[in-house]
Amino acid sequence: MDYREAGVDVEAGRAFVDAIRDLVHRTHRPEVIGGLGGFSGYFQLPTGYKEPVLVSGTDGVGTKLKIASFVNRHDTVGIDLVAMCVNDVLTSGAEPLFFLDYLATGKLEPEQLQQVVSGISLGCQQAGCALLGGETAEMPGFYQQGEYDLAGFCVGIVEKSQLLDGSKVQLGDVAIALSSQGVHSNGFSLVRKIVADGGYSWSDRPELLQGKTLGEAFLTPTQIYVKPVLAARKAGLEIHAMAHITGGGIPENLPRCLGAGQSLRIDRNSWTIPPLFQWLATAGSVSQTAMFNTFNMGIGFVLLVSPNAAGQTIEWFQSQGIDAYAIAEVITGSGGVEGLFEG
């Protein structure tokens with residue numbers, strides 16, 4: 001008996017690494033030292049920082065992977081994996097430097113997993129960070145046939161004086177929301193239950209989705225906000241704080257970027273909820289409160305800026321092809337959001 005008979009194909013693993021080598025190299029930055037295949041990845045810190053602070057983040061894709069398997073499309077979830085990590089790191093003002101992934105499966109299926117890595121590579125290119133390394137684990141008997149799981153890890157850098165930690169937020173600051181591309185990578189246990197309990201198929205085309213199938217709509221990858229946000233700061237836009245709207249929606253995530261003794265007053269009528277969320281609410285008879293506490297509701301990222309900079313900030317992101325809205329004002333409070341369920 002050997003390892004292959006136990007369900008682990010070492011040769012297939014080596015061939016897989018060779019097959020993805022070019023996808024990894026496409027993401028490399030000048031600071032990357034060495035190549036793929038060692039025990040570690042090497043990255044030289046960029047020059048020009050006086051007091052560099054390293055910022056780290058980790059995340060996964062969650063049960064959105066189930067939909068990728070149902071639809072048999074795996075080239076977008078890798079983008080999700082990168083996006084969930086780099087957008088978190090970005091909230092501190094940091095530039096993502098490098099990314100690592102962990103991919104676990106029951107049996108290595110090279111074509112399927114190459115699609116996943118192609119998405120990871122594309123996500124890293126969109127974020128401007130290097131895919132420095134990763135781990136592919138073949139675990140027979142642990143995952144069902146065709147199933148896999150993903151985890152991602154990102155490290156970024158920011159000048160200490162430019163670090164955003166809530167201390168720069170002032171009363172009267174305006175929250176500028178950047179639009180999402182859909183559900184992103186949160187709330188998919190509820191999405192899947194709505195589809196299953198309602199007797200829907202991932203190939204169905206609800207009228208609200210304007211020709212898209214449910215599978216296509218829900219596999220739309222998470223928006224990566226890194227390049228336009230960093231470019232905005234470099235162009236002189238003063239951003240006091242940022243929030244990534246992920247699990248828990250606006251009520252849980254937006255207050256995380258505030259300072260002590262602050263809350264947010266939201267104007268619920270300042271943006272239009274996209275049709276995909278309207279379909280979920282109707283098809284699943286989901287309450288407004290549950291929708292806002294589960295999904296991003298069309299807002300993927302939020303910036304806090306001074307009132308004088310609000311108009312300029314909106315114009316900047318609209319020029320980058322991202323819809324932006326002034327949705328809230330910082331007020332005195334205990335760290336919550338008000339007005340979300342009004343209007």
# chains A, B, ... in the order shown; residues from 1 in each chain; ligands from 1
>>> residues_around(residues="Pro275 of chain A", least_positions_apart="6", cutoff="10 Å", atoms="only C-alpha atoms", output="ChimeraX atom specification")
/A:182,207-210,281,297-298
>>> write_last_selection(atoms="C-alpha atoms", output="mmCIF file, in the first residue's frame")
data_model
loop_
_atom_site.group_PDB
_atom_site.id
_atom_site.type_symbol
_atom_site.label_atom_id
_atom_site.label_comp_id
_atom_site.auth_asym_id
_atom_site.auth_seq_id
_atom_site.Cartn_x
_atom_site.Cartn_y
_atom_site.Cartn_z
ATOM 1 C CA GLY A 182 -24.012 42.203 -5.093
ATOM 2 C CA GLU A 207 -37.483 39.045 -13.839
ATOM 3 C CA LEU A 208 -35.878 41.344 -11.252
ATOM 4 C CA LEU A 209 -32.395 40.153 -12.283
ATOM 5 C CA GLN A 210 -32.792 41.340 -15.885
ATOM 6 C CA ALA A 281 -36.412 39.685 0.675
ATOM 7 C CA MET A 297 -27.701 45.858 0.868
ATOM 8 C CA GLY A 298 -25.763 47.443 -1.990
#
>>> select_by_dssp(residues="segment 82-275 of chain A", states="strand (DSSP E or B)", output="ChimeraX atom specification")
/A:95-105,130-138,140,143,148-159,174-179,241-244,262-266
>>> residues_around(residues="Leu122 of chain A", least_positions_apart="2", cutoff="12 Å", atoms="only C-alpha atoms", output="PyMOL selection string")
chain A and resi 22-28+75-83+115-120+124-131+221+224
>>> residues_around(residues="Leu264 of chain A", least_positions_apart="2", cutoff="9 Å", atoms="only C-alpha atoms", output="PyMOL selection string")
chain A and resi 175+254-255+258+262+266+328-333+335-339
>>> select_by_dssp(residues="segment 162-215 of chain A", states="alpha helix (DSSP H)", output="list in words")
Phe188, Ser189, Leu190, Val191, Arg192, Lys193, Ile194, Val195, Ala196, Asp197, Leu214 and Gly215 of chain A
>>> write_last_selection(atoms="N, CA and C atoms", output="compact mmCIF listing (two decimals), in the first residue's frame")
# COMPACT_ATOMS: atom_id res chain seq x y z
N PHE A 188 -24.51 33.67 2.72
CA PHE A 188 -24.88 32.65 1.74
C PHE A 188 -25.60 31.45 2.34
N SER A 189 -25.52 31.25 3.63
CA SER A 189 -26.34 30.20 4.24
C SER A 189 -27.82 30.56 4.11
N LEU A 190 -28.13 31.85 4.28
CA LEU A 190 -29.50 32.30 4.10
C LEU A 190 -29.89 32.30 2.62
N VAL A 191 -28.97 32.74 1.75
CA VAL A 191 -29.25 32.71 0.31
C VAL A 191 -29.61 31.30 -0.13
N ARG A 192 -28.81 30.32 0.26
CA ARG A 192 -29.02 28.94 -0.15
C ARG A 192 -30.35 28.38 0.40
N LYS A 193 -30.70 28.78 1.62
CA LYS A 193 -31.96 28.32 2.21
C LYS A 193 -33.16 28.91 1.46
N ILE A 194 -33.05 30.19 1.08
CA ILE A 194 -34.14 30.83 0.32
C ILE A 194 -34.34 30.12 -1.01
N VAL A 195 -33.25 29.83 -1.70
CA VAL A 195 -33.33 29.17 -3.00
C VAL A 195 -33.87 27.75 -2.85
N ALA A 196 -33.35 27.01 -1.87
CA ALA A 196 -33.78 25.62 -1.68
C ALA A 196 -35.23 25.52 -1.22
N ASP A 197 -35.59 26.30 -0.19
CA ASP A 197 -36.95 26.21 0.37
C ASP A 197 -38.00 26.73 -0.61
N LEU A 214 -29.83 32.93 -11.36
CA LEU A 214 -29.51 33.07 -9.94
C LEU A 214 -28.05 32.73 -9.69
N GLY A 215 -27.56 31.68 -10.36
CA GLY A 215 -26.16 31.30 -10.19
C GLY A 215 -25.22 32.40 -10.61
>>> closest_residue(among="A:Met291, A:Ile314, A:Ala19, A:Val302", to="Trp279 of chain A", atoms="only C-alpha atoms")
A:Met291
>>> atom_distance(atom1="atom CA of Glu111 of chain A", atom2="atom CA of Ala68 of chain A")
13.8 Å
>>> closest_residue(among="A:Lys212, A:Ala283, A:Phe301, A:Gly247", to="Tyr200 of chain A", atoms="only C-alpha atoms")
A:Ala283
>>> atom_distance(atom1="atom CA of Pro307 of chain A", atom2="atom CA of Gln320 of chain A")
21.0 Å
>>> atom_distance(atom1="atom CA of Asn72 of chain A", atom2="atom CA of Phe277 of chain A")
23.4 Å
